[in-house]
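Data block for start_36.pdb (PDB, C-alpha atoms):
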ATOM      1  CA  MET A   1      -4.079  -3.806   2.391
ATOM      2  CA  ASP A   2      -3.085  -0.250   1.391
ATOM      3  CA  LEU A   3      -3.060   1.445  -2.022
ATOM      4  CA  GLY A   4       0.505   0.406  -2.828
ATOM      5  CA  LYS A   5      -0.205  -3.248  -2.101
ATOM      6  CA  ARG A   6      -3.378  -3.167  -4.201
ATOM      7  CA  VAL A   7      -1.485  -1.648  -7.133
ATOM      8  CA  GLU A   8       1.232  -4.275  -6.839
ATOM      9  CA  LYS A   9      -1.305  -7.091  -6.543
ATOM     10  CA  ARG A  10      -3.228  -6.016  -9.646
ATOM     11  CA  ARG A  11      -0.013  -5.499 -11.608
ATOM     12  CA  VAL A  12       1.236  -8.995 -10.779
ATOM     13  CA  GLN A  13      -2.172 -10.501 -11.575
ATOM     14  CA  LEU A  14      -2.049  -8.876 -15.006
ATOM     15  CA  GLY A  15       1.485 -10.099 -15.619
ATOM     16  CA  MET A  16       3.014  -6.635 -15.982
ATOM     17  CA  THR A  17       6.360  -5.251 -14.859
ATOM     18  CA  GLN A  18       6.583  -1.865 -13.172
ATOM     19  CA  ALA A  19       8.003  -0.447 -16.404
ATOM     20  CA  GLN A  20       5.111  -1.787 -18.472
ATOM     21  CA  LEU A  21       2.528  -0.446 -16.038
ATOM     22  CA  GLY A  22       4.222   2.932 -16.062
ATOM     23  CA  LEU A  23       4.271   2.958 -19.851
ATOM     24  CA  ILE A  24       0.533   2.297 -20.054
ATOM     25  CA  ALA A  25      -0.410   4.723 -17.278
ATOM     26  CA  GLY A  26       1.935   7.495 -18.398
ATOM     27  CA  LEU A  27       4.144   7.299 -15.315
ATOM     28  CA  ALA A  28       7.851   6.668 -14.866
ATOM     29  CA  GLN A  29       8.937   3.268 -13.540
ATOM     30  CA  ASN A  30      10.310   4.873 -10.359
ATOM     31  CA  SER A  31       6.873   6.471  -9.799
ATOM     32  CA  ILE A  32       5.284   3.003  -9.858
ATOM     33  CA  HIS A  33       7.974   1.781  -7.462
ATOM     34  CA  ASN A  34       7.260   4.692  -5.083
ATOM     35  CA  ILE A  35       3.528   3.964  -5.181
ATOM     36  CA  GLU A  36       3.965   0.253  -4.451
ATOM     37  CA  SER A  37       6.491   0.910  -1.668
ATOM     38  CA  GLY A  38       4.066   3.311   0.015
ATOM     39  CA  GLU A  39       6.250   6.390  -0.462
ATOM     40  CA  THR A  40       3.595   7.962  -2.715
ATOM     41  CA  LYS A  41       0.248   7.934  -0.923
ATOM     42  CA  ARG A  42      -1.940   9.761  -3.477
ATOM     43  CA  PRO A  43      -0.791   9.191  -7.080
ATOM     44  CA  ARG A  44      -1.500  12.144  -9.354
ATOM     45  CA  LYS A  45      -2.707   9.887 -12.191
ATOM     46  CA  ILE A  46      -4.994   7.606 -10.216
ATOM     47  CA  ASP A  47      -7.562   7.387 -13.034
ATOM     48  CA  ALA A  48      -4.951   6.382 -15.626
ATOM     49  CA  LEU A  49      -3.429   3.929 -13.155
ATOM     50  CA  ALA A  50      -6.809   2.314 -12.474
ATOM     51  CA  GLU A  51      -7.559   2.033 -16.189
ATOM     52  CA  ALA A  52      -4.187   0.384 -16.820
ATOM     53  CA  LEU A  53      -4.921  -2.093 -14.011
ATOM     54  CA  ASN A  54      -8.474  -2.842 -15.203
ATOM     55  CA  CYS A  55     -10.090  -1.659 -12.001
ATOM     56  CA  THR A  56     -11.682   1.451 -10.518
ATOM     57  CA  PRO A  57      -9.902   4.341  -8.746
ATOM     58  CA  GLU A  58     -12.086   3.595  -5.709
ATOM     59  CA  TYR A  59     -10.688   0.091  -5.531
ATOM     60  CA  LEU A  60      -7.096   1.323  -5.557
ATOM     61  CA  LEU A  61      -7.736   4.106  -3.052
ATOM     62  CA  PHE A  62     -10.127   2.413  -0.667
ATOM     63  CA  GLY A  63     -10.349  -1.283  -1.618
ATOM     64  CA  ILE A  64     -13.966  -0.978  -2.700
ATOM     65  CA  GLY A  65     -15.635  -1.465  -6.065
ATOM     66  CA  GLU A  66     -14.370  -3.475  -8.994
ATOM     67  CA  VAL A  67     -12.155  -6.531  -8.234
ATOM     68  CA  GLN A  68     -12.932  -6.126  -4.512
ATOM     69  CA  GLU A  69     -13.868  -9.797  -4.435
ATOM     70  CA  ASP A  70     -10.216 -10.661  -5.123
ATOM     71  CA  GLU A  71      -9.488  -9.675  -1.513
ATOM     72  CA  LYS A  72     -11.669 -12.576  -0.332
ATOM     73  CA  ASN A  73      -9.832 -15.133  -2.409
ATOM     74  CA  ILE A  74      -6.304 -14.701  -1.088
ATOM     75  CA  ASN A  75      -6.037 -18.452  -0.539
ATOM     76  CA  ASN A  76      -6.710 -19.137  -4.186
ATOM     77  CA  ASN A  77      -3.355 -19.842  -5.848
ATOM     78  CA  VAL A  78      -4.705 -19.210  -9.346
ATOM     79  CA  ALA A  79      -4.519 -15.548 -10.328
ATOM     80  CA  PRO A  80      -6.486 -14.225 -13.299
ATOM     81  CA  GLY A  81      -4.530 -13.449 -16.442
ATOM     82  CA  PRO A  82      -4.709 -10.251 -18.481
ATOM     83  CA  VAL A  83      -8.100  -9.195 -19.786
ATOM     84  CA  LEU A  84      -7.683  -9.432 -23.552
ATOM     85  CA  LYS A  85      -9.156  -6.356 -25.183
ATOM     86  CA  ALA A  86      -8.754  -6.688 -28.951
ATOM     87  CA  ALA A  87      -7.088  -8.643 -31.738
ATOM     88  CA  VAL A  88      -4.868  -6.272 -33.691
ATOM     89  CA  PRO A  89      -2.906  -6.849 -36.908
ATOM     90  CA  LEU A  90       0.861  -7.283 -36.934
ATOM     91  CA  ILE A  91       2.212  -5.030 -39.678
ATOM     92  CA  SER A  92       5.649  -4.239 -41.078
ATOM     93  CA  TRP A  93       7.658  -1.114 -40.312
ATOM     94  CA  VAL A  94       7.265  -0.048 -43.940
ATOM     95  CA  GLN A  95       3.475  -0.327 -43.588
ATOM     96  CA  ALA A  96       3.648   1.641 -40.353
ATOM     97  CA  GLY A  97       5.642   4.347 -42.097
ATOM     98  CA  ALA A  98       3.000   4.636 -44.802
ATOM     99  CA  TRP A  99       0.109   4.292 -42.348
ATOM    100  CA  SER A 100      -2.930   6.426 -43.032
ATOM    101  CA  ASP A 101      -5.913   4.237 -42.247
ATOM    102  CA  ILE A 102      -5.747   1.012 -40.255
ATOM    103  CA  ASN A 103      -8.692  -0.314 -42.274
ATOM    104  CA  GLU A 104      -6.356  -0.537 -45.254
ATOM    105  CA  VAL A 105      -3.975  -2.673 -43.216
ATOM    106  CA  ARG A 106      -6.754  -4.996 -42.053
ATOM    107  CA  GLU A 107      -7.434  -5.954 -45.645
ATOM    108  CA  PHE A 108      -4.088  -7.702 -45.788
ATOM    109  CA  ASP A 109      -3.625 -11.243 -44.549
ATOM    110  CA  ALA A 110      -1.927 -10.111 -41.348
ATOM    111  CA  ASP A 111      -1.196 -12.115 -38.223
ATOM    112  CA  ARG A 112      -3.180 -10.837 -35.254
ATOM    113  CA  TYR A 113      -2.286 -10.533 -31.594
ATOM    114  CA  LEU A 114      -4.543  -9.973 -28.604
ATOM    115  CA  CYS A 115      -3.807  -6.691 -26.863
ATOM    116  CA  PRO A 116      -4.157  -7.060 -23.065
ATOM    117  CA  VAL A 117      -4.980  -3.398 -22.430
ATOM    118  CA  LYS A 118      -7.710  -1.022 -23.495
ATOM    119  CA  CYS A 119      -7.023   0.361 -26.968
ATOM    120  CA  SER A 120      -8.818   1.839 -29.974
ATOM    121  CA  ASP A 121      -9.884  -0.210 -32.984
ATOM    122  CA  LYS A 122      -7.074   1.442 -34.960
ATOM    123  CA  THR A 123      -4.367  -0.185 -32.851
ATOM    124  CA  PHE A 124      -1.745  -2.325 -34.566
ATOM    125  CA  ALA A 125       1.305  -4.338 -33.496
ATOM    126  CA  LEU A 126       4.951  -4.156 -34.542
ATOM    127  CA  LYS A 127       8.010  -6.208 -33.712
ATOM    128  CA  VAL A 128      10.950  -4.180 -32.420
ATOM    129  CA  GLN A 129      13.933  -4.171 -34.742
ATOM    130  CA  GLY A 130      17.516  -3.435 -33.733
ATOM    131  CA  VAL A 131      19.092  -2.314 -30.474
ATOM    132  CA  SER A 132      18.357   1.431 -30.323
ATOM    133  CA  MET A 133      15.746   0.958 -27.562
ATOM    134  CA  GLU A 134      17.675  -1.478 -25.369
ATOM    135  CA  PRO A 135      17.627  -2.175 -22.470
ATOM    136  CA  LYS A 136      13.939  -1.206 -22.181
ATOM    137  CA  PHE A 137      12.922  -2.998 -25.383
ATOM    138  CA  TYR A 138      14.777  -5.749 -27.215
ATOM    139  CA  ASP A 139      14.878  -6.900 -30.805
ATOM    140  CA  GLY A 140      11.807  -9.070 -31.423
ATOM    141  CA  ASP A 141       9.690  -7.597 -28.613
ATOM    142  CA  LEU A 142       6.081  -6.964 -29.564
ATOM    143  CA  ILE A 143       4.717  -3.427 -29.175
ATOM    144  CA  PHE A 144       1.093  -2.370 -29.509
ATOM    145  CA  VAL A 145       0.636   1.065 -31.087
ATOM    146  CA  ASP A 146      -2.560   3.092 -30.702
ATOM    147  CA  PRO A 147      -2.858   6.036 -33.143
ATOM    148  CA  GLU A 148      -5.679   7.534 -31.066
ATOM    149  CA  ALA A 149      -3.782   7.604 -27.750
ATOM    150  CA  ASP A 150      -2.325  10.955 -26.648
ATOM    151  CA  CYS A 151       1.411  11.288 -27.235
ATOM    152  CA  ILE A 152       2.838  13.326 -24.371
ATOM    153  CA  HIS A 153       6.288  13.975 -22.934
ATOM    154  CA  GLY A 154       7.881  10.649 -22.033
ATOM    155  CA  SER A 155       5.598   8.556 -24.238
ATOM    156  CA  TYR A 156       7.122   5.795 -26.344
ATOM    157  CA  VAL A 157       5.983   6.448 -29.869
ATOM    158  CA  VAL A 158       6.175   5.194 -33.421
ATOM    159  CA  ALA A 159       6.974   8.111 -35.709
ATOM    160  CA  ARG A 160       7.618   8.764 -39.372
ATOM    161  CA  LEU A 161      10.267  11.253 -40.454
ATOM    162  CA  ASP A 162       9.471  13.071 -43.678
ATOM    163  CA  ASP A 163      12.726  12.018 -45.366
ATOM    164  CA  ASP A 164      12.321   8.326 -44.512
ATOM    165  CA  ASN A 165       9.899   5.768 -45.931
ATOM    166  CA  GLN A 166       9.949   3.697 -42.761
ATOM    167  CA  ALA A 167       8.688   4.314 -39.243
ATOM    168  CA  THR A 168      10.936   4.535 -36.203
ATOM    169  CA  PHE A 169      10.405   3.673 -32.525
ATOM    170  CA  LYS A 170      11.644   6.174 -29.957
ATOM    171  CA  GLN A 171      10.699   8.077 -26.792
ATOM    172  CA  LEU A 172       9.067  11.474 -27.234
ATOM    173  CA  ILE A 173      10.782  14.265 -25.296
ATOM    174  CA  ILE A 174       9.167  17.702 -25.036
ATOM    175  CA  GLU A 175      11.136  20.416 -23.247
ATOM    176  CA  SER A 176      10.873  24.205 -23.452
ATOM    177  CA  GLY A 177       8.644  23.976 -26.502
ATOM    178  CA  HIS A 178      11.089  21.752 -28.374
ATOM    179  CA  LYS A 179      10.431  18.138 -29.368
ATOM    180  CA  PHE A 180      12.881  15.286 -29.772
ATOM    181  CA  LEU A 181      12.879  11.567 -30.451
ATOM    182  CA  LYS A 182      15.163   9.835 -27.951
ATOM    183  CA  ALA A 183      16.827   6.428 -28.173
ATOM    184  CA  ALA A 184      16.788   4.408 -24.941
ATOM    185  CA  ASN A 185      20.182   2.825 -25.658
ATOM    186  CA  PRO A 186      22.834   5.100 -24.090
ATOM    187  CA  ASN A 187      25.366   3.846 -26.647
ATOM    188  CA  TRP A 188      23.208   4.681 -29.665
ATOM    189  CA  PRO A 189      24.965   7.327 -31.816
ATOM    190  CA  ASP A 190      21.899   9.509 -32.472
ATOM    191  CA  GLN A 191      20.593   9.955 -28.935
ATOM    192  CA  LEU A 192      18.263  12.860 -29.717
ATOM    193  CA  ILE A 193      16.620  13.589 -33.061
ATOM    194  CA  PRO A 194      15.098  17.107 -33.162
ATOM    195  CA  ILE A 195      11.629  17.220 -34.713
ATOM    196  CA  ASN A 196       9.857  20.368 -35.823
ATOM    197  CA  GLY A 197       7.295  19.910 -38.551
ATOM    198  CA  ASN A 198       9.397  17.187 -40.153
ATOM    199  CA  CYS A 199       7.832  14.273 -38.293
ATOM    200  CA  THR A 200       4.451  12.566 -38.027
ATOM    201  CA  LEU A 201       3.606  10.759 -34.790
ATOM    202  CA  VAL A 202       1.929   7.571 -35.991
ATOM    203  CA  GLY A 203       0.840   6.411 -32.538
ATOM    204  CA  LYS A 204       1.671   5.776 -28.894
ATOM    205  CA  VAL A 205       2.917   2.436 -27.576
ATOM    206  CA  VAL A 206       0.283   1.279 -25.071
ATOM    207  CA  PHE A 207       1.699  -2.137 -24.276
ATOM    208  CA  ALA A 208       4.831  -4.185 -24.885
ATOM    209  CA  GLY A 209       5.586  -7.874 -24.478
ATOM    210  CA  LYS A 210       7.471 -10.793 -25.918
ATOM    211  CA  SER A 211       6.359 -13.168 -28.631
ATOM    212  CA  PHE A 212       7.729 -16.713 -28.655
TER     213      PHE A 212
END

Spell out the structure here as structure tokens.
Amino acid sequence: MDLGKRVEKRRVQLGMTQAQLGLIAGLAQNSIHNIESGETKRPRKIDALAEALNCTPEYLLFGIGEVQEDEKNINNNVAPGPVLKAAVPLISWVQAGAWSDINEVREFDADRYLCPVKCSDKTFALKVQGVSMEPKFYDGDLIFVDPEADCIHGSYVVARLDDDNQATFKQLIIESGHKFLKAANPNWPDQLIPINGNCTLVGKVVFAGKSF
């Protein structure tokens, strides 16, 4: 079994799509596809990929180390589910817009959801509203937001604009020293919102799923 097959196996075991894995590891979905197909032999973010897959880089590269025993159980038709990391509070978009300290939010009687990926104790959950992020995210999808995760180019982020009391969910684009918030929906009227000192990045989306 090569690196691509090990990545695919771990991703399926954890119940993630290629897009979700890419979101957590900071890679594009087509990068995950190229890794799993064998086109990319040595991923540039092997450490981030291993962390997202709850295993070691050595396991992905060489099949040794953590989760190696899974290779011996290929006849077992029961695959392990996601490793649940933390119970985080579900808050409103208004609360997210006014967010300053997650400890204040935890004092409220909030519903809590188990985040299946590694995250800080300041992480919170939100339910997507509207259609601006379709088709990647749909109304009602659950997103987990970590204020301590690094927001880089391509990250999906929750942000607060200075002239708005409520947070917004967009993709962060950084090009030539300029920053924008981008809607995923190609039909959304405001595709790019320039930000320059008029926006606070509340946190990075580290995982997304559906709540039923």

Taking all atoms of stretch 112-129 of chain A that the file lists, what box with edges along x, y and z, padded by 6 Å per side, do you get, with centre and edge lengths in Å to one decimal, as lines of an AutoDock Vina configuration file?
center_x = 2.0
center_y = -4.5
center_z = -28.8
size_x = 35.8
size_y = 24.7
size_z = 24.8

Can you tell me, as a short mmCIF file (atom, residue, chain, number, x, y, z; two decimals) with C-alpha atoms, in the frame of the given file, what residues are no more than 6 Å from A:Phe144 when counting only C-alpha atoms, ignoring any on the same chain fewer than 5 positions away?
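This is the output file part29.cif:
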data_model
loop_
_atom_site.label_atom_id
_atom_site.label_comp_id
_atom_site.auth_asym_id
_atom_site.auth_seq_id
_atom_site.Cartn_x
_atom_site.Cartn_y
_atom_site.Cartn_z
CA PHE A 124 -1.74 -2.33 -34.57
CA ALA A 125 1.30 -4.34 -33.50
CA VAL A 205 2.92 2.44 -27.58
CA VAL A 206 0.28 1.28 -25.07
CA PHE A 207 1.70 -2.14 -24.28
#

query = So what do you get for atom CA of A:Leu90 versus atom CA of A:His153, distance-wise?
reply = 26.0 Å

ask   = Residues picked by the PyMOL selection byres ((chain A and resi 122) around 7) here, as a ChimeraX atom specification?
value = /A:102,120-121,123-124,146-147

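With only C-alpha atoms as the atoms that count, the residue of A:Gln95, A:Ser176, A:Gln20, A:Gln129 with the shortest distance to A:Arg160 is A:Gln95.
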
message = Taking only C-alpha atoms into account, name the residue in A:Pro116, A:Pro89, A:Gly97, A:Gly130 that is nearest to A:Cys199.
response =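 Closest residue, counting only C-alpha atoms: A:Gly97.
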
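Atom pair atom CA of A:Leu142 / atom CA of A:Asp190 has a distance of 23.0 Å (rounded to one decimal).
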
query = With all atoms listed in the file as the basis for distance, which of A:Ile32, A:Leu114, A:Leu172, A:Ile91 is at the shortest distance from A:Lys5?
reply =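 Once distances to A:Lys5 are computed over all atoms listed in the file, the minimum belongs to A:Ile32.
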
request  = Using the chain letters and numbering of this document, enumerate as a PyMOL selection string the residues selected by the PyMOL selection byres ((chain A and resi 171) around 6).
outcome  = chain A and resi 155-157+170+172+181-182

Residue IDs satisfying the PyMOL selection byres ((chain A and resi 50-65) around 7), as an mmCIF file with C-alpha atoms, in the frame of the given file:
data_model
loop_
_atom_site.group_PDB
_atom_site.id
_atom_site.type_symbol
_atom_site.label_atom_id
_atom_site.label_comp_id
_atom_site.auth_asym_id
_atom_site.auth_seq_id
_atom_site.Cartn_x
_atom_site.Cartn_y
_atom_site.Cartn_z
ATOM 1 C CA LEU A 3 -3.060 1.445 -2.022
ATOM 2 C CA ARG A 6 -3.378 -3.167 -4.201
ATOM 3 C CA VAL A 7 -1.485 -1.648 -7.133
ATOM 4 C CA ARG A 10 -3.228 -6.016 -9.646
ATOM 5 C CA ARG A 11 -0.013 -5.499 -11.608
ATOM 6 C CA LEU A 21 2.528 -0.446 -16.038
ATOM 7 C CA ILE A 24 0.533 2.297 -20.054
ATOM 8 C CA ALA A 25 -0.410 4.723 -17.278
ATOM 9 C CA ILE A 46 -4.994 7.606 -10.216
ATOM 10 C CA ASP A 47 -7.562 7.387 -13.034
ATOM 11 C CA ALA A 48 -4.951 6.382 -15.626
ATOM 12 C CA LEU A 49 -3.429 3.929 -13.155
ATOM 13 C CA GLU A 66 -14.370 -3.475 -8.994
ATOM 14 C CA VAL A 67 -12.155 -6.531 -8.234
ATOM 15 C CA GLN A 68 -12.932 -6.126 -4.512
ATOM 16 C CA VAL A 117 -4.980 -3.398 -22.430
#

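Minimum atom-to-atom distance to A:Leu201, evaluated using only C-alpha atoms, belongs to A:Ala159 out of A:Ala19, A:Ala183, A:Ala96, A:Ala159.
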